[in-house]
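See below for coords36.pdb, which holds PDB, C-alpha atoms and all ligand atoms.
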```
ATOM      1  CA  MET A 242       2.955 223.953 250.450
ATOM      2  CA  PRO A 243       2.159 222.635 246.964
ATOM      3  CA  ASN A 244       1.643 225.438 244.455
ATOM      4  CA  ASP A 245      -1.317 225.978 242.198
ATOM      5  CA  ASP A 246       0.713 226.719 239.049
ATOM      6  CA  TYR A 247       0.961 223.018 238.381
ATOM      7  CA  ARG A 248      -2.153 220.951 239.052
ATOM      8  CA  GLY A 249      -2.149 217.372 237.824
ATOM      9  CA  ARG A 250      -4.521 214.492 238.320
ATOM     10  CA  LEU A 251      -4.678 210.716 238.609
ATOM     11  CA  ALA A 252      -7.849 209.571 236.836
ATOM     12  CA  PRO A 253      -8.169 205.797 237.039
ATOM     13  CA  SER A 254     -11.357 203.912 236.136
ATOM     14  CA  PRO A 255     -12.449 201.247 238.632
ATOM     15  CA  THR A 256     -13.198 198.664 235.957
ATOM     16  CA  GLY A 257     -10.379 196.251 236.738
ATOM     17  CA  LEU A 258      -7.105 195.969 238.586
ATOM     18  CA  LEU A 259      -4.447 198.527 237.699
ATOM     19  CA  HIS A 260      -1.504 197.068 235.804
ATOM     20  CA  LEU A 261       2.045 198.111 234.991
ATOM     21  CA  GLY A 262       0.915 200.492 232.235
ATOM     22  CA  HIS A 263      -1.192 202.383 234.776
ATOM     23  CA  ALA A 264       1.705 202.336 237.221
ATOM     24  CA  ALA A 265       3.878 204.020 234.572
ATOM     25  CA  THR A 266       1.286 206.717 233.822
ATOM     26  CA  PHE A 267       0.383 207.480 237.411
ATOM     27  CA  TRP A 268       3.968 207.348 238.662
ATOM     28  CA  THR A 269       4.928 209.837 235.935
ATOM     29  CA  ALA A 270       1.983 212.080 236.860
ATOM     30  CA  TYR A 271       3.175 212.000 240.465
ATOM     31  CA  GLN A 272       6.811 212.705 239.591
ATOM     32  CA  ARG A 273       5.899 215.587 237.311
ATOM     33  CA  ALA A 274       3.656 217.193 239.939
ATOM     34  CA  LYS A 275       6.463 216.777 242.480
ATOM     35  CA  ARG A 276       9.098 218.235 240.197
ATOM     36  CA  HIS A 277       6.937 221.323 239.668
ATOM     37  CA  GLY A 278       6.208 221.627 243.386
ATOM     38  CA  GLY A 279       2.576 221.274 242.301
ATOM     39  CA  THR A 280      -0.636 219.670 243.418
ATOM     40  CA  LEU A 281      -1.823 216.203 242.387
ATOM     41  CA  LEU A 282      -5.524 215.375 242.638
ATOM     42  CA  PHE A 283      -7.268 212.009 242.392
ATOM     43  CA  ARG A 284     -10.426 211.476 240.331
ATOM     44  CA  ASN A 285     -12.356 208.237 240.458
ATOM     45  CA  GLU A 286     -13.779 207.806 236.924
ATOM     46  CA  ASP A 287     -16.645 205.535 237.899
ATOM     47  CA  LEU A 288     -19.197 206.484 235.249
ATOM     48  CA  ASP A 289     -19.558 203.067 233.660
ATOM     49  CA  PRO A 290     -22.335 201.473 235.714
ATOM     50  CA  GLN A 291     -21.842 198.038 234.181
ATOM     51  CA  ARG A 292     -18.093 197.827 234.667
ATOM     52  CA  SER A 293     -17.304 199.970 237.721
ATOM     53  CA  LYS A 294     -17.038 198.041 240.973
ATOM     54  CA  GLN A 295     -16.376 199.172 244.542
ATOM     55  CA  GLU A 296     -13.756 196.461 244.994
ATOM     56  CA  TYR A 297     -11.762 198.027 242.131
ATOM     57  CA  VAL A 298     -12.147 201.499 243.662
ATOM     58  CA  ASP A 299     -10.643 200.174 246.895
ATOM     59  CA  ALA A 300      -7.934 198.289 245.001
ATOM     60  CA  MET A 301      -6.846 201.244 242.854
ATOM     61  CA  ILE A 302      -6.549 203.574 245.844
ATOM     62  CA  GLU A 303      -4.631 200.968 247.796
ATOM     63  CA  ASP A 304      -2.313 199.985 244.936
ATOM     64  CA  LEU A 305      -1.389 203.576 244.033
ATOM     65  CA  ALA A 306      -0.715 204.411 247.680
ATOM     66  CA  TRP A 307       1.353 201.200 247.992
ATOM     67  CA  LEU A 308       3.509 202.351 245.058
ATOM     68  CA  GLY A 309       4.270 205.499 247.047
ATOM     69  CA  ILE A 310       2.121 207.924 245.050
ATOM     70  CA  GLU A 311       0.745 210.790 247.141
ATOM     71  CA  TRP A 312      -2.192 213.006 246.228
ATOM     72  CA  THR A 313      -4.177 215.800 247.826
ATOM     73  CA  PRO A 314      -7.590 214.687 249.165
ATOM     74  CA  PRO A 315     -10.522 214.589 248.800
ATOM     75  CA  ILE A 316     -10.938 212.092 245.961
ATOM     76  CA  VAL A 317     -13.305 213.475 243.301
ATOM     77  CA  VAL A 318     -15.989 210.915 242.411
ATOM     78  CA  GLN A 319     -17.528 211.326 238.965
ATOM     79  CA  SER A 320     -20.792 209.513 239.753
ATOM     80  CA  GLU A 321     -21.510 212.236 242.357
ATOM     81  CA  ARG A 322     -21.137 215.059 239.831
ATOM     82  CA  ILE A 323     -23.753 214.287 237.191
ATOM     83  CA  ALA A 324     -25.488 217.687 237.595
ATOM     84  CA  LEU A 325     -22.280 219.478 236.591
ATOM     85  CA  TYR A 326     -21.931 217.400 233.407
ATOM     86  CA  ARG A 327     -25.634 217.791 232.675
ATOM     87  CA  ALA A 328     -25.342 221.582 232.729
ATOM     88  CA  ALA A 329     -22.491 221.465 230.200
ATOM     89  CA  PHE A 330     -24.429 219.036 228.022
ATOM     90  CA  GLU A 331     -27.498 221.291 228.007
ATOM     91  CA  ARG A 332     -25.342 224.243 226.945
ATOM     92  CA  LEU A 333     -24.025 222.247 224.000
ATOM     93  CA  VAL A 334     -27.530 221.310 222.908
ATOM     94  CA  ALA A 335     -28.708 224.927 223.273
ATOM     95  CA  THR A 336     -25.911 226.167 221.002
ATOM     96  CA  GLY A 337     -26.836 223.607 218.340
ATOM     97  CA  LEU A 338     -23.446 221.872 218.539
ATOM     98  CA  ALA A 339     -24.902 218.693 220.003
ATOM     99  CA  TYR A 340     -27.556 216.570 218.347
ATOM    100  CA  ALA A 341     -29.635 213.533 219.201
ATOM    101  CA  CYS A 342     -28.474 210.268 217.641
ATOM    102  CA  THR A 343     -30.953 207.435 217.506
ATOM    103  CA  CYS A 344     -28.691 204.932 215.772
ATOM    104  CA  SER A 345     -28.758 201.631 217.614
ATOM    105  CA  ARG A 346     -25.669 199.645 218.463
ATOM    106  CA  LYS A 347     -26.566 197.366 215.588
ATOM    107  CA  ASP A 348     -26.841 200.285 213.121
ATOM    108  CA  LEU A 349     -23.481 201.554 214.265
ATOM    109  CA  ALA A 350     -21.880 198.143 213.982
ATOM    110  CA  GLN A 351     -23.161 197.821 210.419
ATOM    111  CA  MET A 352     -22.011 201.287 209.411
ATOM    112  CA  MET A 353     -18.564 201.083 210.859
ATOM    113  CA  GLN A 354     -15.468 199.053 210.456
ATOM    114  CA  ALA A 355     -13.949 197.419 213.491
ATOM    115  CA  PRO A 356     -12.102 199.839 215.737
ATOM    116  CA  HIS A 357      -8.350 199.761 215.482
ATOM    117  CA  GLU A 358      -7.070 197.175 217.922
ATOM    118  CA  ASP A 359      -4.254 199.304 219.233
ATOM    119  CA  THR A 360      -5.941 202.530 220.175
ATOM    120  CA  ASP A 361      -9.256 201.403 221.717
ATOM    121  CA  ASP A 362     -10.589 204.041 219.368
ATOM    122  CA  GLU A 363     -14.069 204.351 217.935
ATOM    123  CA  PRO A 364     -14.605 204.486 214.172
ATOM    124  CA  VAL A 365     -15.731 207.703 212.464
ATOM    125  CA  TYR A 366     -19.510 208.168 212.748
ATOM    126  CA  SER A 367     -21.317 208.183 209.391
ATOM    127  CA  GLY A 368     -23.323 211.299 210.216
ATOM    128  CA  ARG A 369     -26.670 209.616 209.681
ATOM    129  CA  CYS A 370     -28.429 211.591 212.464
ATOM    130  CA  ARG A 371     -26.467 214.812 211.944
ATOM    131  CA  PRO A 372     -28.818 217.760 211.241
ATOM    132  CA  ALA A 373     -28.161 219.961 208.213
ATOM    133  CA  PRO A 374     -25.778 222.876 208.893
ATOM    134  CA  GLY A 375     -27.554 225.910 210.291
ATOM    135  CA  SER A 376     -30.531 223.907 211.639
ATOM    136  CA  THR A 377     -32.146 225.343 214.753
ATOM    137  CA  PRO A 378     -30.928 223.793 218.022
ATOM    138  CA  GLN A 379     -32.890 220.695 219.017
ATOM    139  CA  SER A 380     -35.019 220.414 222.111
ATOM    140  CA  LEU A 381     -33.782 218.004 224.784
ATOM    141  CA  GLN A 382     -35.090 214.479 224.533
ATOM    142  CA  PRO A 383     -34.688 211.883 227.244
ATOM    143  CA  GLY A 384     -33.490 208.362 226.473
ATOM    144  CA  VAL A 385     -31.353 209.132 223.420
ATOM    145  CA  ASN A 386     -27.650 209.468 222.792
ATOM    146  CA  TYR A 387     -26.205 212.859 221.876
ATOM    147  CA  ARG A 388     -23.148 213.566 219.745
ATOM    148  CA  LEU A 389     -20.998 216.644 219.257
ATOM    149  CA  ARG A 390     -20.740 217.901 215.699
ATOM    150  CA  VAL A 391     -17.061 218.183 214.767
ATOM    151  CA  PRO A 392     -15.704 220.676 212.204
ATOM    152  CA  ASP A 393     -14.962 218.325 209.296
ATOM    153  CA  GLY A 394     -11.569 218.879 207.716
ATOM    154  CA  GLU A 395     -10.222 221.082 210.517
ATOM    155  CA  SER A 396      -6.807 220.140 211.965
ATOM    156  CA  ILE A 397      -6.591 220.015 215.732
ATOM    157  CA  SER A 398      -2.980 220.410 216.894
ATOM    158  CA  PHE A 399      -1.535 220.441 220.356
ATOM    159  CA  PRO A 400       1.992 220.362 221.742
ATOM    160  CA  ASP A 401       2.581 217.158 223.697
ATOM    161  CA  GLY A 402       5.149 217.366 226.472
ATOM    162  CA  ASN A 403       6.396 213.856 225.736
ATOM    163  CA  LEU A 404       5.629 213.049 222.101
ATOM    164  CA  GLY A 405       5.958 216.451 220.397
ATOM    165  CA  THR A 406       3.281 218.216 218.361
ATOM    166  CA  GLN A 407       0.246 216.058 217.602
ATOM    167  CA  THR A 408      -2.224 216.774 214.823
ATOM    168  CA  PHE A 409      -5.551 215.110 214.050
ATOM    169  CA  VAL A 410      -8.118 216.008 211.435
ATOM    170  CA  ALA A 411     -11.756 216.214 212.524
ATOM    171  CA  GLY A 412     -14.041 214.096 210.358
ATOM    172  CA  ARG A 413     -11.118 211.941 209.225
ATOM    173  CA  ASP A 414      -9.272 210.768 212.350
ATOM    174  CA  PHE A 415     -12.407 210.957 214.452
ATOM    175  CA  GLY A 416     -16.009 211.887 213.807
ATOM    176  CA  ASP A 417     -19.003 213.268 215.704
ATOM    177  CA  PHE A 418     -18.571 211.672 219.115
ATOM    178  CA  LEU A 419     -20.816 210.740 221.997
ATOM    179  CA  ILE A 420     -21.239 213.333 224.732
ATOM    180  CA  TRP A 421     -24.382 212.116 226.473
ATOM    181  CA  ARG A 422     -25.668 208.588 226.780
ATOM    182  CA  LYS A 423     -29.257 207.499 226.549
ATOM    183  CA  ASP A 424     -29.045 206.102 230.087
ATOM    184  CA  GLY A 425     -28.708 209.675 231.386
ATOM    185  CA  LEU A 426     -24.932 209.683 231.903
ATOM    186  CA  PRO A 427     -22.223 211.817 230.299
ATOM    187  CA  SER A 428     -19.659 210.238 228.008
ATOM    188  CA  TYR A 429     -16.062 209.945 229.164
ATOM    189  CA  GLN A 430     -15.094 212.862 226.882
ATOM    190  CA  LEU A 431     -17.586 215.307 228.350
ATOM    191  CA  ALA A 432     -17.054 214.338 231.998
ATOM    192  CA  CYS A 433     -13.291 214.553 231.570
ATOM    193  CA  VAL A 434     -13.374 218.046 230.043
ATOM    194  CA  VAL A 435     -15.805 219.412 232.636
ATOM    195  CA  ASP A 436     -13.777 217.930 235.488
ATOM    196  CA  ASP A 437     -10.347 218.961 234.236
ATOM    197  CA  ALA A 438     -11.636 222.545 234.053
ATOM    198  CA  ASP A 439     -13.516 222.424 237.350
ATOM    199  CA  MET A 440     -10.472 220.935 239.132
ATOM    200  CA  ARG A 441      -8.268 223.593 237.474
ATOM    201  CA  ILE A 442      -5.936 220.967 236.028
ATOM    202  CA  THR A 443      -2.953 222.507 234.246
ATOM    203  CA  GLU A 444      -1.380 219.311 232.884
ATOM    204  CA  VAL A 445      -2.932 215.967 231.946
ATOM    205  CA  VAL A 446      -0.647 212.903 231.977
ATOM    206  CA  ARG A 447      -2.296 209.922 230.290
ATOM    207  CA  GLY A 448      -1.637 206.993 227.953
ATOM    208  CA  ALA A 449      -1.032 207.503 224.226
ATOM    209  CA  ASP A 450      -4.157 205.419 223.556
ATOM    210  CA  LEU A 451      -6.035 208.620 224.409
ATOM    211  CA  LEU A 452      -4.299 210.915 221.890
ATOM    212  CA  LYS A 453      -7.358 211.211 219.669
ATOM    213  CA  SER A 454      -9.527 211.700 222.715
ATOM    214  CA  THR A 455      -7.366 214.685 223.566
ATOM    215  CA  ALA A 456      -8.157 216.175 220.147
ATOM    216  CA  ARG A 457     -11.876 215.556 220.779
ATOM    217  CA  GLN A 458     -11.603 217.108 224.214
ATOM    218  CA  ILE A 459      -9.945 220.223 222.814
ATOM    219  CA  LEU A 460     -13.021 220.701 220.606
ATOM    220  CA  LEU A 461     -15.250 220.330 223.649
ATOM    221  CA  GLN A 462     -13.156 222.853 225.580
ATOM    222  CA  ARG A 463     -13.598 225.330 222.746
ATOM    223  CA  ALA A 464     -17.328 224.679 222.550
ATOM    224  CA  LEU A 465     -17.711 225.203 226.303
ATOM    225  CA  ASP A 466     -15.252 228.087 226.484
ATOM    226  CA  LEU A 467     -12.948 226.231 228.878
ATOM    227  CA  PRO A 468      -9.144 226.409 229.046
ATOM    228  CA  THR A 469      -6.988 223.709 227.430
ATOM    229  CA  PRO A 470      -4.433 222.199 229.818
ATOM    230  CA  ALA A 471      -0.971 220.994 228.780
ATOM    231  CA  TYR A 472      -0.743 217.324 227.771
ATOM    232  CA  PHE A 473       1.869 214.643 228.364
ATOM    233  CA  HIS A 474       1.034 211.296 226.743
ATOM    234  CA  MET A 475       2.848 208.147 227.764
ATOM    235  CA  GLN A 476       3.992 205.625 225.182
ATOM    236  CA  LEU A 477       2.070 202.390 225.679
ATOM    237  CA  LEU A 478       3.941 199.584 227.402
ATOM    238  CA  ARG A 479       4.156 196.248 225.629
ATOM    239  CA  ASP A 480       5.344 192.830 226.720
ATOM    240  CA  GLU A 481       8.077 190.831 224.908
ATOM    241  CA  GLN A 482       5.507 189.614 222.379
ATOM    242  CA  GLY A 483       4.461 193.185 221.588
ATOM    243  CA  VAL A 484       1.076 192.782 223.294
ATOM    244  CA  ARG A 485      -0.137 195.924 225.018
ATOM    245  CA  LEU A 486      -0.089 195.537 228.773
ATOM    246  CA  ALA A 487      -3.616 196.919 228.957
ATOM    247  CA  LYS A 488      -4.730 193.750 227.191
ATOM    248  CA  ARG A 489      -3.032 191.559 229.804
ATOM    249  CA  HIS A 490      -4.907 192.272 233.002
ATOM    250  CA  ASP A 491      -3.950 188.812 234.173
ATOM    251  CA  ALA A 492      -0.295 188.615 235.103
ATOM    252  CA  LEU A 493       0.877 192.190 235.260
ATOM    253  CA  ALA A 494      -1.582 193.691 237.709
ATOM    254  CA  ILE A 495       0.224 195.738 240.371
ATOM    255  CA  ARG A 496      -1.642 193.643 242.924
ATOM    256  CA  THR A 497      -0.388 190.354 241.485
ATOM    257  CA  LEU A 498       3.206 191.577 241.495
ATOM    258  CA  ARG A 499       2.745 192.704 245.067
ATOM    259  CA  GLN A 500       1.280 189.359 246.098
ATOM    260  CA  GLN A 501       4.269 187.685 244.483
ATOM    261  CA  GLY A 502       6.421 189.528 246.992
ATOM    262  CA  LEU A 503       7.804 192.364 244.853
ATOM    263  CA  THR A 504       8.484 195.672 246.610
ATOM    264  CA  PRO A 505       7.236 199.017 245.232
ATOM    265  CA  ALA A 506      10.820 199.830 244.169
ATOM    266  CA  GLU A 507      11.022 196.558 242.212
ATOM    267  CA  VAL A 508       7.723 197.261 240.454
ATOM    268  CA  LEU A 509       8.866 200.801 239.611
ATOM    269  CA  ARG A 510      12.056 199.396 238.091
ATOM    270  CA  MET A 511       9.846 197.558 235.557
ATOM    271  CA  ILE A 512       8.545 200.820 234.040
ATOM    272  CA  PRO A 513      10.356 203.487 231.981
ATOM    273  CA  SER A 514      11.931 206.150 234.149
ATOM    274  CA  ASN A 515      11.719 209.068 231.695
ATOM    275  CA  ILE A 516       9.369 211.671 233.157
ATOM    276  CA  GLY A 517      10.146 214.465 230.694
ATOM    277  CA  SER A 518      11.383 217.908 231.616
TER     278      SER A 518
HETATM  279  N1  LIG B 601      -9.972 206.921 233.235
HETATM  280  C1  LIG B 601      -9.139 206.800 232.071
HETATM  281  C2  LIG B 601      -8.386 205.498 232.103
HETATM  282  O1  LIG B 601      -8.214 204.920 233.165
HETATM  283  C3  LIG B 601      -8.119 207.888 231.959
HETATM  284  C4  LIG B 601      -8.723 209.119 231.519
HETATM  285  C5  LIG B 601      -7.816 210.318 231.389
HETATM  286  O2  LIG B 601      -6.647 210.314 231.784
HETATM  287  O3  LIG B 601      -8.353 211.286 230.913
HETATM  288  O4  LIG B 601      -7.984 205.044 231.050
END
```
For the structure just supplied, provide its representation as structure tokens.
Amino acid sequence: MPNDDYRGRLAPSPTGLLHLGHAATFWTAYQRAKRHGGTLLFRNEDLDPQRSKQEYVDAMIEDLAWLGIEWTPPIVVQSERIALYRAAFERLVATGLAYACTCSRKDLAQMMQAPHEDTDDEPVYSGRCRPAPGSTPQSLQPGVNYRLRVPDGESISFPDGNLGTQTFVAGRDFGDFLIWRKDGLPSYQLACVVDDADMRITEVVRGADLLKSTARQILLQRALDLPTPAYFHMQLLRDEQGVRLAKRHDALAIRTLRQQGLTPAEVLRMIPSNIGS
């Protein structure tokens, strides 16, 4: 019987075919859960209505199973859990930590520099809609974005099981970030924190492109009084030209390799085998 002391998760987004970088992350998550005699859950992160597609849901489940990864059913589907995220969002607004942001995409684009190519990260928000400190909590408004106020200048540190201690400074490395979208959906950050707590996840294995998101999520965990799991971030895989595999959905999709006749063992030989201790 798997134990509950180690609970990991696979959290793919059905916005494209999974590639070798995903294989490395999810294989490591599987191996670490196995090594600890733990439980591995599967969460379908399908909150992006424009980009999520059922064919990618089917493909990601099939490709991960083909690789030999096993998880404990049922699959958790984020689009079916909006009420849970909504409750957390309303708590954040009630405490005054979240505020409405009416900046348009165009305003944001003008205020910000281009995000750094390598981290898929968003630039620091200027604070234009941020209420003065000590303002009374806002009432809920439909149809607007909401951000979490971050404690400017505070260092957020966490021990990473793979990369060692990581430290980011709120207000410098990342700013007030989106928690609720004007289309009535939670942001990735909020949904992830609520789900990791609700699913009682003890360790999160994910790509190093999400390191700053981990720092943001730790702030959300504090704000919502939720536990912080352990983290294990995977170095990003690059091809011979140094291009991140995530940017090359074309050739290195697990599915393409499979269609070319490679076996799961051959695909797994293409990814680093270090799964930490
Ligand atoms: N769904 C995210 C992705 O596929 C991963 C999120 C996470 O591990 O927290 O990049």
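All protein and nucleic acid residues in the vicinity of (-11.7, 217.4, 211.8), that is within 9 Å when counting only C-alpha atoms, are Val391, Pro392, Asp393, Gly394, Glu395, Ser396, Ile397, Phe409, Val410, Ala411, Gly412, Arg413, Asp414, Phe415 and Gly416 of chain A.
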Axis-aligned box for range 373-385 of chain A, 5 Å per side, centre and edges in Å as lines of an AutoDock Vina configuration file:
```
center_x = -30.4
center_y = 217.1
center_z = 217.7
size_x = 19.3
size_y = 27.5
size_z = 29.0
```
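Ranking A:Leu338, A:Cys344, A:Ala432, A:Val484 by their shortest atom-to-atom distance to ligand LIG 601 (chain B), with only C-alpha atoms and all ligand atoms included, puts A:Ala432 first.
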What would the selection look like, as a short mmCIF file (atom, residue, chain, number, x, y, z; two decimals) with C-alpha atoms, keeping the file's coordinate frame, if the PyMOL selection byres (((chain A and resi 406) around 12) and not hetatm) were run on the coordinates I just shared?
```cif
data_model
loop_
_atom_site.label_atom_id
_atom_site.label_comp_id
_atom_site.auth_asym_id
_atom_site.auth_seq_id
_atom_site.Cartn_x
_atom_site.Cartn_y
_atom_site.Cartn_z
CA ILE A 397 -6.59 220.02 215.73
CA SER A 398 -2.98 220.41 216.89
CA PHE A 399 -1.54 220.44 220.36
CA PRO A 400 1.99 220.36 221.74
CA ASP A 401 2.58 217.16 223.70
CA GLY A 402 5.15 217.37 226.47
CA ASN A 403 6.40 213.86 225.74
CA LEU A 404 5.63 213.05 222.10
CA GLY A 405 5.96 216.45 220.40
CA GLN A 407 0.25 216.06 217.60
CA THR A 408 -2.22 216.77 214.82
CA PHE A 409 -5.55 215.11 214.05
CA LEU A 452 -4.30 210.92 221.89
CA ALA A 456 -8.16 216.18 220.15
CA ALA A 471 -0.97 220.99 228.78
CA TYR A 472 -0.74 217.32 227.77
CA PHE A 473 1.87 214.64 228.36
CA HIS A 474 1.03 211.30 226.74
#
```
Can you list what the PyMOL selection byres (((not hetatm)) within 7 of (chain B and resi 601)) grabs from this structure, as JSON, numbers by chain?
-> {"A": [252, 253, 254, 286, 433, 445, 446, 447]}
Tyr271 in chain A surroundings by all atoms listed in the file, 10 Å radius, close-in-sequence under 5 positions cut, as number ranges by chain | A: 249-251, 265-266, 276, 279-282, 309-312, 446, 516
Emit the selected residues as a PDB file, keeping the file's coordinate frame, including C-alpha atoms.
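Printed below is out15.pdb as written:
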```pdb
ATOM      1  CA  GLY A 249      -2.149 217.372 237.824  1.00  0.00           C
ATOM      2  CA  ARG A 250      -4.521 214.492 238.320  1.00  0.00           C
ATOM      3  CA  LEU A 251      -4.678 210.716 238.609  1.00  0.00           C
ATOM      4  CA  ALA A 265       3.878 204.020 234.572  1.00  0.00           C
ATOM      5  CA  THR A 266       1.286 206.717 233.822  1.00  0.00           C
ATOM      6  CA  ARG A 276       9.098 218.235 240.197  1.00  0.00           C
ATOM      7  CA  GLY A 279       2.576 221.274 242.301  1.00  0.00           C
ATOM      8  CA  THR A 280      -0.636 219.670 243.418  1.00  0.00           C
ATOM      9  CA  LEU A 281      -1.823 216.203 242.387  1.00  0.00           C
ATOM     10  CA  LEU A 282      -5.524 215.375 242.638  1.00  0.00           C
ATOM     11  CA  GLY A 309       4.270 205.499 247.047  1.00  0.00           C
ATOM     12  CA  ILE A 310       2.121 207.924 245.050  1.00  0.00           C
ATOM     13  CA  GLU A 311       0.745 210.790 247.141  1.00  0.00           C
ATOM     14  CA  TRP A 312      -2.192 213.006 246.228  1.00  0.00           C
ATOM     15  CA  VAL A 446      -0.647 212.903 231.977  1.00  0.00           C
ATOM     16  CA  ILE A 516       9.369 211.671 233.157  1.00  0.00           C
TER      17      ILE A 516
END
```
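Proximity ranking of A:Arg390, A:Arg248, A:Arg422, A:His260 relative to Leu333 in chain A places A:Arg390 first, based on all atoms listed in the file.
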Which of A:Arg510, A:Leu451, A:Leu258, A:Gly375 sits closest to Glu303 in chain A [using all atoms listed in the file] = A:Leu258
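Distances from A:Ala335, A:Val365, A:Ile420, A:Ala350 to Pro378 in chain A were compared using only C-alpha atoms, and the smallest one belongs to A:Ala335.
Picture a line from CA of Asn244 in chain A to CA of Gly278 in chain A; it runs 6.0 Å.
For the set A:Ile495, A:Leu460, A:Ala274, A:Ile512, the residue with the smallest atom-to-atom gap to Asp304 in chain A is A:Ile495, counting all atoms listed in the file.
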